[in-house]
Protein chains: 2
Amino acid sequence: MAAPHVIDGLQYANWSEKVFRQMRAGGVDAVHVTIAYHEMFRETVLNIEAWNRRFERFPDLICQAFTADDIRAAKAAGRTAIAFGAQTPAPIEDDIGLVEILHRLGLRFMQLTYNNQSLLATGCYEDRDAGLTRMGCEVVAEMNRVGMVVDMSHSAERSTLEAIEHSRRPIAITHANPARWHPARRNKSDTVLRALAETGGMLGVSLYPHHLRGGSRCTLDDFCAMVADTADLMGVARIGIGSDLCQDQPDSVVEWMRVGRWTKKIDYGEGSADAPGFPTMPDFFADNRDFPRLAAGLHAKGFSDAEVAAIMGENWLRFFDDSFGPAA
Amino acid sequence: MAAPHVIDGLQYANWSEKVFRQMRAGGVDAVHVTIAYHEMFRETVLNIEAWNRRFERFPDLICQAFTADDIRAAKAAGRTAIAFGAQTPAPIEDDIGLVEILHRLGLRFMQLTYNNQSLLATGCYEDRDAGLTRMGCEVVAEMNRVGMVVDMSHSAERSTLEAIEHSRRPIAITHANPARWHPARRNKSDTVLRALAETGGMLGVSLYPHHLRGGSRCTLDDFCAMVADTADLMGVARIGIGSDLCQDQPDSVVEWMRVGRWTKKIDYGEGSADAPGFPTMPDFFADNRDFPRLAAGLHAKGFSDAEVAAIMGENWLRFFDDSFGPAA
């Protein structure tokens, strides 16, 4: 049997040859990379242009994934496949027609909200959550049509439940953990996780310290125990990795993520005035070379070879098979 | 005593020399004109460029109003002063810094929402209204600082009440009528109108047929009776005209207002599949030449000369004095 695929459901590194070589060293076959936070359409296209230059410069290390089969081909060629995603709907601005345009350019994931209210839905830092908006319903239908995954990682509860209900195709929470394990604002309730699982959706478990019990001091054993508990709730088939690795980024980047252009003040998001920057990653997951440690930790927790393979990437691959193309 | 000022709190005509000459013929000293519905920043700047060409071409008829004193000077010179406004916050995109930029370019009014959910607040066609968003609170404070009027004409109830409460300066509903007179979705509850009046805000009573009891068949007498009833509720000092005159516009324009780029379907807004276009204006108000008829109708309803002058423009002028400059 061929070696199973290893796929990361979300990263936003300060991209470099070093990072790409670490992906290869860690045996990572595909990564959903964030190409936009608050960037509007034209700025997003600039970010795609920057990726095109990376693909041109490092053809032996990386290539773009438009389909799940592109990931299979990348693995066979010893490369890491890169699938694009946006963490806010800013790239489509106010224009539903940009969904298809950006899909054609390779955008395969879009969050309907990032912390704040968007034109589509409510983010998890708003006090009140009115659910999907009129435009939100229209855009979800268009994303369903072309094959762009609805990602609700940073969305508020009601909006997330309505996206699950309204979407005709399974959705994803690419990077978050269960709130039952660590009750952070970004982590998800059992209600959301059950609804996600029941509709064939996917959860990418996160290694970002603010999502971890114990923060940067979280242990591999505790993390894998959380995965086992989540598998009891959702089923193994509904879980992947979504590391949220923000490697080598300066703190100005986390400020951009949180503040964008919506306020003249500083908003600390998951951080605080005492700890405004990126948190230190846990010891057991510093960069892409640590994916084998995750697999070993899952084995140690009692998962079978097939279950470890599913969580480490095969579940994402199957989900991408079903999600990246036009609706049947 | 100098003749009182006549000011219209909102128009969106297909601008032409004919319309400007009708403004002069009707004795209209100033008009708040819509320069953007769903236009983003760059498109809004193009619309301002188009206005600059009009000011250059018709200097004897029109000039731009940055301040209330510009209106006084325009009247003295026999011109109509034009103050810019936006009916959605699309011109500031996701960028609070564009509030000051657009104010410098002359934008003196901005609606926080237009029918749909925006980044700032909820529009009156959404099913649910979560009120001002995090960005909405920040943007209202910035509008207060630079001197841009918060306009809630198309907003939902809770959002409107929260804007009134949150704004440190009086706000406006530039074009709507009381729902007690005609219960249209765009008309306003007594609760909103009372809160608006108590905080020094202004209501511009609308002549757009969908806001009128009887629609296009509304009579001048009934309209002026509504104004008298509204004055009992809010006080004469809180009322102006906001005609919502959309003269000479093709129906493609009302489709743009309603549909923008947020849906691939047709949304009829206040219209319907049977009546998708602009409605016919009432007999007593066809264009700018009919402002004297409004004044006569108010006189006939028993308003004093001073009260008619206040409603026809002096209230707006005083409000602009207090609203168009930086916060004290």
# chains A, B, ... in the order shown; residues from 1 in each chain; ligands from 1
>>> closest_atom_pairs(of="chain A", to="chain B", cutoff="12 Å", atoms="only C-alpha atoms", output="Markdown table")
| residue | atom | partner | partner_atom | distance |
| --- | --- | --- | --- | --- |
| A:Tyr37 | CA | B:Asp94 | CA | 11.7 |
| A:His38 | CA | B:Asp94 | CA | 8.1 |
| A:Glu39 | CA | B:Asp94 | CA | 9.4 |
| A:Met40 | CA | B:Asp94 | CA | 8.6 |
| A:Phe41 | CA | B:Glu93 | CA | 11.5 |
| A:Thr88 | CA | B:Asp94 | CA | 11.4 |
| A:Pro89 | CA | B:Asp94 | CA | 11.0 |
| A:Ala90 | CA | B:Asp94 | CA | 8.0 |
| A:Pro91 | CA | B:Asp94 | CA | 11.0 |
| A:Ile92 | CA | B:Trp262 | CA | 10.0 |
| A:Glu93 | CA | B:Glu93 | CA | 7.8 |
| A:Asp94 | CA | B:Trp262 | CA | 6.0 |
| A:Asp95 | CA | B:Arg261 | CA | 4.6 |
| A:Ile96 | CA | B:Trp262 | CA | 5.5 |
| A:Gly97 | CA | B:Arg261 | CA | 7.4 |
| A:Leu98 | CA | B:Arg261 | CA | 9.5 |
| A:Val99 | CA | B:Trp262 | CA | 11.1 |
| A:Glu100 | CA | B:Lys264 | CA | 12.0 |
| A:Thr113 | CA | B:Leu119 | CA | 10.6 |
| A:Tyr114 | CA | B:Leu119 | CA | 11.8 |
| A:Asn115 | CA | B:Arg134 | CA | 9.8 |
| A:Asn116 | CA | B:Arg134 | CA | 6.8 |
| A:Gln117 | CA | B:Leu119 | CA | 5.9 |
| A:Ser118 | CA | B:Leu119 | CA | 5.3 |
| A:Leu119 | CA | B:Ser118 | CA | 5.3 |
| A:Leu120 | CA | B:Gln117 | CA | 7.8 |
| A:Ala121 | CA | B:Gln117 | CA | 8.8 |
| A:Thr122 | CA | B:Thr133 | CA | 9.2 |
| A:Gly123 | CA | B:Thr133 | CA | 10.1 |
| A:Cys124 | CA | B:Arg134 | CA | 11.3 |
| A:Tyr125 | CA | B:Arg134 | CA | 8.4 |
| A:Glu126 | CA | B:Arg134 | CA | 6.5 |
| A:Asp127 | CA | B:Thr133 | CA | 8.1 |
| A:Arg128 | CA | B:Ala130 | CA | 5.7 |
| A:Asp129 | CA | B:Ala130 | CA | 6.4 |
| A:Ala130 | CA | B:Ala130 | CA | 5.5 |
| A:Gly131 | CA | B:Arg128 | CA | 8.0 |
| A:Leu132 | CA | B:Arg128 | CA | 9.3 |
| A:Thr133 | CA | B:Gln117 | CA | 6.4 |
| A:Arg134 | CA | B:Glu126 | CA | 6.5 |
| A:Met135 | CA | B:Trp262 | CA | 5.5 |
| A:Gly136 | CA | B:Trp262 | CA | 8.8 |
| A:Cys137 | CA | B:Thr263 | CA | 9.2 |
| A:Glu138 | CA | B:Thr263 | CA | 6.0 |
| A:Val139 | CA | B:Thr263 | CA | 7.7 |
| A:Val140 | CA | B:Thr263 | CA | 10.9 |
| A:Ala141 | CA | B:Thr263 | CA | 10.2 |
| A:Glu142 | CA | B:Lys264 | CA | 9.0 |
| A:Arg158 | CA | B:Arg128 | CA | 11.9 |
| A:Ser159 | CA | B:Arg128 | CA | 11.9 |
| A:Val259 | CA | B:Met135 | CA | 10.1 |
| A:Gly260 | CA | B:Asp95 | CA | 8.0 |
| A:Arg261 | CA | B:Asp95 | CA | 4.6 |
| A:Trp262 | CA | B:Ile96 | CA | 5.5 |
| A:Thr263 | CA | B:Glu138 | CA | 5.9 |
| A:Lys264 | CA | B:Ile96 | CA | 7.3 |
| A:Lys265 | CA | B:Glu138 | CA | 8.9 |
| A:Ile266 | CA | B:Glu138 | CA | 11.7 |
| A:Asp267 | CA | B:Arg134 | CA | 10.6 |
>>> residues_around(residues="stretch 70-76 of chain B", least_positions_apart="4", cutoff="9 Å", atoms="only C-alpha atoms", output="NGL selection string")
:B and (5 or 28-30 or 62-66 or 80-82 or 317)
>>> write_last_selection(atoms="N, CA, C and O atoms", output="CSV table (one decimal), in the first residue's frame")
chain,number,residue,atom,x,y,z
B,5,HIS,N,-33.5,79.8,3.9
B,5,HIS,CA,-32.9,78.8,3.0
B,5,HIS,C,-33.8,77.7,2.8
B,5,HIS,O,-34.5,77.2,3.7
B,28,VAL,N,-34.2,76.3,-4.6
B,28,VAL,CA,-33.5,75.3,-3.8
B,28,VAL,C,-32.0,75.8,-3.6
B,28,VAL,O,-31.3,75.9,-4.5
B,29,ASP,N,-31.7,76.1,-2.3
B,29,ASP,CA,-30.3,76.7,-2.0
B,29,ASP,C,-29.3,75.6,-1.8
B,29,ASP,O,-28.1,75.9,-2.0
B,30,ALA,N,-29.7,74.4,-1.4
B,30,ALA,CA,-28.7,73.4,-1.1
B,30,ALA,C,-29.4,72.0,-1.2
B,30,ALA,O,-30.6,71.9,-0.9
B,62,ILE,N,-24.3,75.8,-9.8
B,62,ILE,CA,-24.0,75.0,-8.6
B,62,ILE,C,-22.6,75.2,-8.1
B,62,ILE,O,-21.7,75.7,-8.9
B,63,CYS,N,-22.4,74.8,-6.9
B,63,CYS,CA,-21.1,74.8,-6.3
B,63,CYS,C,-21.1,73.8,-5.1
B,63,CYS,O,-22.1,73.4,-4.7
B,64,GLN,N,-19.9,73.4,-4.7
B,64,GLN,CA,-19.8,72.4,-3.7
B,64,GLN,C,-19.9,73.0,-2.3
B,64,GLN,O,-19.4,74.1,-2.0
B,65,ALA,N,-20.7,72.3,-1.4
B,65,ALA,CA,-20.8,72.8,0.0
B,65,ALA,C,-19.9,71.9,0.9
B,65,ALA,O,-20.2,70.7,1.0
B,66,PHE,N,-18.9,72.5,1.5
B,66,PHE,CA,-18.1,71.8,2.5
B,66,PHE,C,-18.6,72.2,3.9
B,66,PHE,O,-18.5,71.4,4.9
B,80,THR,N,-27.0,76.9,-6.3
B,80,THR,CA,-27.4,75.8,-5.4
B,80,THR,C,-26.1,75.1,-4.9
B,80,THR,O,-25.3,74.7,-5.7
B,81,ALA,N,-26.0,75.0,-3.6
B,81,ALA,CA,-24.9,74.3,-3.0
B,81,ALA,C,-25.1,72.8,-2.9
B,81,ALA,O,-26.2,72.4,-2.6
B,82,ILE,N,-24.1,72.0,-3.2
B,82,ILE,CA,-24.2,70.6,-3.3
B,82,ILE,C,-23.3,69.9,-2.2
B,82,ILE,O,-22.1,70.1,-2.2
B,317,LEU,N,-30.0,73.8,7.9
B,317,LEU,CA,-28.9,74.6,7.9
B,317,LEU,C,-28.2,74.7,9.3
B,317,LEU,O,-27.0,74.6,9.4
>>> residues_around(residues="A:Arg168", least_positions_apart="5", cutoff="10 Å", atoms="only C-alpha atoms", output="ChimeraX atom specification")
/A:140-141,143-145,163,199,327
>>> atom_distance(atom1="atom CA of B:Arg213", atom2="atom CA of B:Arg185")
12.7 Å
>>> residues_around(residues="B:Gly271", least_positions_apart="5", cutoff="8 Å", atoms="only C-alpha atoms", output="list of chain:residue names")
B:His210, B:Pro276, B:Gly277
>>> write_last_selection(atoms="N, CA, C and O atoms", output="compact mmCIF listing (two decimals), in the first residue's frame")
# COMPACT_ATOMS: atom_id res chain seq x y z
N HIS B 210 -42.86 54.93 -2.36
CA HIS B 210 -42.96 53.77 -1.47
C HIS B 210 -43.01 54.16 0.00
O HIS B 210 -43.34 53.32 0.85
N PRO B 276 -41.13 46.67 -10.88
CA PRO B 276 -39.72 46.61 -10.52
C PRO B 276 -38.99 47.95 -10.61
O PRO B 276 -37.93 48.11 -10.02
N GLY B 277 -39.53 48.91 -11.34
CA GLY B 277 -38.79 50.14 -11.61
C GLY B 277 -39.03 51.24 -10.60
O GLY B 277 -39.61 51.02 -9.53
>>> closest_residue(among="B:Ala36, B:Met312, B:Val149, B:Ala228", to="B:Gly240", atoms="only C-alpha atoms")
B:Met312
>>> residues_around(residues="A:Thr34", least_positions_apart="5", cutoff="6 Å", atoms="only C-alpha atoms", output="PDB file with N, CA, C and O atoms, in the first residue's frame")
ATOM      1  N   TYR A  12       0.145  29.762   8.055  1.00  0.00           N
ATOM      2  CA  TYR A  12       0.413  31.104   7.531  1.00  0.00           C
ATOM      3  C   TYR A  12       1.825  31.492   7.947  1.00  0.00           C
ATOM      4  O   TYR A  12       2.040  32.335   8.827  1.00  0.00           O
ATOM      5  N   GLY A  85      -6.195  29.635   0.587  1.00  0.00           N
ATOM      6  CA  GLY A  85      -7.406  29.987   1.322  1.00  0.00           C
ATOM      7  C   GLY A  85      -7.332  31.409   1.838  1.00  0.00           C
ATOM      8  O   GLY A  85      -6.250  31.990   1.942  1.00  0.00           O
ATOM      9  N   ALA A  86      -8.494  31.966   2.146  1.00  0.00           N
ATOM     10  CA  ALA A  86      -8.579  33.319   2.702  1.00  0.00           C
ATOM     11  C   ALA A  86      -9.234  33.230   4.079  1.00  0.00           C
ATOM     12  O   ALA A  86     -10.205  32.496   4.252  1.00  0.00           O
TER      13      ALA A  86
END
>>> residues_around(residues="B:Phe284", least_positions_apart="3", cutoff="8 Å", atoms="only C-alpha atoms", output="list in words")
Thr219, Leu220, Asp290, Arg293 and Leu294 of chain B
>>> closest_residue(among="A:Leu193, A:Val6, A:Trp51, A:Met152", to="A:Val308", atoms="only C-alpha atoms")
A:Val6
>>> closest_residue(among="B:Gly215, B:Pro4, B:Gly302, B:Pro326", to="B:Trp181", atoms="only C-alpha atoms")
B:Gly215
>>> atom_distance(atom1="atom CA of B:Ala197", atom2="atom CA of B:Leu233")
8.6 Å
>>> select_by_dssp(residues="stretch 171-293 of chain A", states="alpha helix (DSSP H)", output="PyMOL selection string")
chain A and resi 190-198+220-234+251-259+291-293
>>> write_last_selection(atoms="C-alpha atoms", output="tab-separated table (two decimals), in the first residue's frame")
chain	number	residue	atom	x	y	z
A	190	ASP	CA	-20.02	20.38	21.28
A	191	THR	CA	-23.16	21.60	19.50
A	192	VAL	CA	-21.11	22.98	16.62
A	193	LEU	CA	-18.79	19.97	16.46
A	194	ARG	CA	-21.70	17.52	16.41
A	195	ALA	CA	-23.50	19.46	13.67
A	196	LEU	CA	-20.27	19.67	11.69
A	197	ALA	CA	-19.69	15.91	11.96
A	198	GLU	CA	-23.27	14.96	11.18
A	220	LEU	CA	1.85	16.04	23.17
A	221	ASP	CA	0.10	13.53	25.42
A	222	ASP	CA	-2.61	16.00	26.42
A	223	PHE	CA	-3.04	17.17	22.82
A	224	CYS	CA	-3.46	13.59	21.59
A	225	ALA	CA	-5.87	12.82	24.44
A	226	MET	CA	-7.95	15.78	23.18
A	227	VAL	CA	-7.89	14.28	19.68
A	228	ALA	CA	-9.09	10.94	21.07
A	229	ASP	CA	-11.88	12.65	22.99
A	230	THR	CA	-12.86	14.62	19.89
A	231	ALA	CA	-12.88	11.41	17.84
A	232	ASP	CA	-15.35	9.98	20.35
A	233	LEU	CA	-17.56	13.01	19.77
A	234	MET	CA	-17.22	13.45	16.00
A	251	ASP	CA	4.55	40.46	15.48
A	252	SER	CA	3.45	43.15	13.01
A	253	VAL	CA	1.69	40.31	11.18
A	254	VAL	CA	-0.45	39.26	14.13
A	255	GLU	CA	-1.35	42.94	14.57
A	256	TRP	CA	-2.50	43.02	10.92
A	257	MET	CA	-4.55	39.86	11.49
A	258	ARG	CA	-6.32	41.37	14.48
A	259	VAL	CA	-6.57	45.06	13.61
A	291	PHE	CA	4.50	16.13	11.84
A	292	PRO	CA	5.97	12.66	12.49
A	293	ARG	CA	5.92	13.43	16.24
>>> select_by_dssp(residues="stretch 131-302 of chain B", states="strand (DSSP E or B)", output="number ranges by chain")
B: 149-151, 154-155, 172-173, 178, 188, 202-205, 239-241, 245
>>> write_last_selection(atoms="N, CA and C atoms", output="short mmCIF file (atom, residue, chain, number, x, y, z; two decimals), in the first residue's frame")
data_model
loop_
_atom_site.label_atom_id
_atom_site.label_comp_id
_atom_site.auth_asym_id
_atom_site.auth_seq_id
_atom_site.Cartn_x
_atom_site.Cartn_y
_atom_site.Cartn_z
N VAL B 149 -21.94 63.17 8.98
CA VAL B 149 -23.22 62.84 9.61
C VAL B 149 -23.53 61.35 9.45
N VAL B 150 -23.85 60.72 10.57
CA VAL B 150 -24.34 59.33 10.55
C VAL B 150 -25.78 59.37 10.07
N ASP B 151 -26.04 58.69 8.97
CA ASP B 151 -27.38 58.65 8.37
C ASP B 151 -27.90 57.21 8.46
N HIS B 154 -31.73 53.79 5.87
CA HIS B 154 -32.05 52.43 5.42
C HIS B 154 -31.70 51.37 6.47
N SER B 155 -31.47 51.78 7.69
CA SER B 155 -31.01 50.83 8.71
C SER B 155 -32.17 50.19 9.46
N ALA B 172 -28.78 61.75 11.69
CA ALA B 172 -29.90 62.09 10.81
C ALA B 172 -30.50 60.84 10.19
N ILE B 173 -31.78 60.94 9.92
CA ILE B 173 -32.46 60.02 9.00
C ILE B 173 -32.89 60.93 7.87
N PRO B 178 -42.63 58.52 9.07
CA PRO B 178 -43.05 57.72 10.22
C PRO B 178 -43.85 56.48 9.78
N LYS B 188 -40.03 54.74 9.82
CA LYS B 188 -39.44 54.60 11.16
C LYS B 188 -40.47 54.59 12.26
N MET B 202 -32.17 64.78 13.21
CA MET B 202 -33.07 65.32 12.18
C MET B 202 -33.70 64.21 11.36
N LEU B 203 -34.98 64.41 11.04
CA LEU B 203 -35.67 63.56 10.08
C LEU B 203 -35.96 64.36 8.82
N GLY B 204 -35.54 63.85 7.67
CA GLY B 204 -35.95 64.43 6.40
C GLY B 204 -37.15 63.67 5.89
N VAL B 205 -38.31 64.34 5.80
CA VAL B 205 -39.51 63.63 5.34
C VAL B 205 -39.42 63.40 3.83
N ILE B 239 -37.36 68.53 12.04
CA ILE B 239 -37.88 68.05 10.75
C ILE B 239 -37.37 68.90 9.60
N GLY B 240 -36.95 68.23 8.53
CA GLY B 240 -36.62 68.88 7.27
C GLY B 240 -37.23 68.08 6.13
N ILE B 241 -36.89 68.49 4.92
CA ILE B 241 -37.32 67.74 3.73
C ILE B 241 -36.16 66.85 3.30
N LEU B 245 -35.73 62.41 -4.28
CA LEU B 245 -36.04 62.57 -5.71
C LEU B 245 -34.98 61.87 -6.55
#
>>> atom_distance(atom1="atom CA of B:Ala306", atom2="atom CA of B:Val236")
10.0 Å
>>> decode(residues="stretch 72-87 of chain A", atoms="N, CA, C and O atoms", output="mmCIF file, in the first residue's frame")
data_model
loop_
_atom_site.group_PDB
_atom_site.id
_atom_site.type_symbol
_atom_site.label_atom_id
_atom_site.label_comp_id
_atom_site.auth_asym_id
_atom_site.auth_seq_id
_atom_site.Cartn_x
_atom_site.Cartn_y
_atom_site.Cartn_z
ATOM 1 N N ARG A 72 -2.014 14.272 -4.942
ATOM 2 C CA ARG A 72 -1.469 12.925 -5.204
ATOM 3 C C ARG A 72 -0.260 13.014 -6.137
ATOM 4 O O ARG A 72 0.761 12.356 -5.926
ATOM 5 N N ALA A 73 -0.390 13.840 -7.170
ATOM 6 C CA ALA A 73 0.714 13.986 -8.123
ATOM 7 C C ALA A 73 1.929 14.633 -7.459
ATOM 8 O O ALA A 73 3.082 14.257 -7.719
ATOM 9 N N ALA A 74 1.672 15.596 -6.592
ATOM 10 C CA ALA A 74 2.781 16.253 -5.892
ATOM 11 C C ALA A 74 3.530 15.250 -5.032
ATOM 12 O O ALA A 74 4.776 15.209 -5.034
ATOM 13 N N LYS A 75 2.772 14.444 -4.306
ATOM 14 C CA LYS A 75 3.418 13.436 -3.455
ATOM 15 C C LYS A 75 4.278 12.492 -4.292
ATOM 16 O O LYS A 75 5.429 12.203 -3.931
ATOM 17 N N ALA A 76 3.730 12.052 -5.414
ATOM 18 C CA ALA A 76 4.480 11.130 -6.283
ATOM 19 C C ALA A 76 5.769 11.773 -6.791
ATOM 20 O O ALA A 76 6.779 11.097 -7.001
ATOM 21 N N ALA A 77 5.736 13.107 -6.951
ATOM 22 C CA ALA A 77 6.909 13.817 -7.462
ATOM 23 C C ALA A 77 7.792 14.353 -6.340
ATOM 24 O O ALA A 77 8.784 15.044 -6.600
ATOM 25 N N GLY A 78 7.428 14.062 -5.097
ATOM 26 C CA GLY A 78 8.256 14.518 -3.984
ATOM 27 C C GLY A 78 8.145 16.003 -3.694
ATOM 28 O O GLY A 78 9.099 16.634 -3.226
ATOM 29 N N ARG A 79 6.970 16.573 -3.978
ATOM 30 C CA ARG A 79 6.762 17.999 -3.708
ATOM 31 C C ARG A 79 5.628 18.177 -2.698
ATOM 32 O O ARG A 79 4.822 17.268 -2.495
ATOM 33 N N THR A 80 5.540 19.374 -2.147
ATOM 34 C CA THR A 80 4.421 19.731 -1.277
ATOM 35 C C THR A 80 3.434 20.580 -2.076
ATOM 36 O O THR A 80 3.827 21.591 -2.684
ATOM 37 N N ALA A 81 2.191 20.145 -2.082
ATOM 38 C CA ALA A 81 1.153 20.874 -2.823
ATOM 39 C C ALA A 81 0.557 21.965 -1.931
ATOM 40 O O ALA A 81 0.312 21.742 -0.740
ATOM 41 N N ILE A 82 0.326 23.115 -2.531
ATOM 42 C CA ILE A 82 -0.138 24.301 -1.806
ATOM 43 C C ILE A 82 -1.539 24.664 -2.293
ATOM 44 O O ILE A 82 -1.741 24.947 -3.475
ATOM 45 N N ALA A 83 -2.503 24.636 -1.365
ATOM 46 C CA ALA A 83 -3.881 25.053 -1.699
ATOM 47 C C ALA A 83 -4.145 26.387 -1.008
ATOM 48 O O ALA A 83 -3.845 26.555 0.172
ATOM 49 N N PHE A 84 -4.733 27.313 -1.753
ATOM 50 C CA PHE A 84 -4.952 28.672 -1.236
ATOM 51 C C PHE A 84 -6.249 28.782 -0.434
ATOM 52 O O PHE A 84 -7.268 28.194 -0.787
ATOM 53 N N GLY A 85 -6.195 29.635 0.587
ATOM 54 C CA GLY A 85 -7.406 29.987 1.322
ATOM 55 C C GLY A 85 -7.332 31.409 1.838
ATOM 56 O O GLY A 85 -6.250 31.990 1.942
ATOM 57 N N ALA A 86 -8.494 31.966 2.146
ATOM 58 C CA ALA A 86 -8.579 33.319 2.702
ATOM 59 C C ALA A 86 -9.234 33.230 4.079
ATOM 60 O O ALA A 86 -10.205 32.496 4.252
ATOM 61 N N GLN A 87 -8.709 33.989 5.028
ATOM 62 C CA GLN A 87 -9.257 33.917 6.395
ATOM 63 C C GLN A 87 -10.381 34.926 6.631
ATOM 64 O O GLN A 87 -11.024 34.898 7.683
#
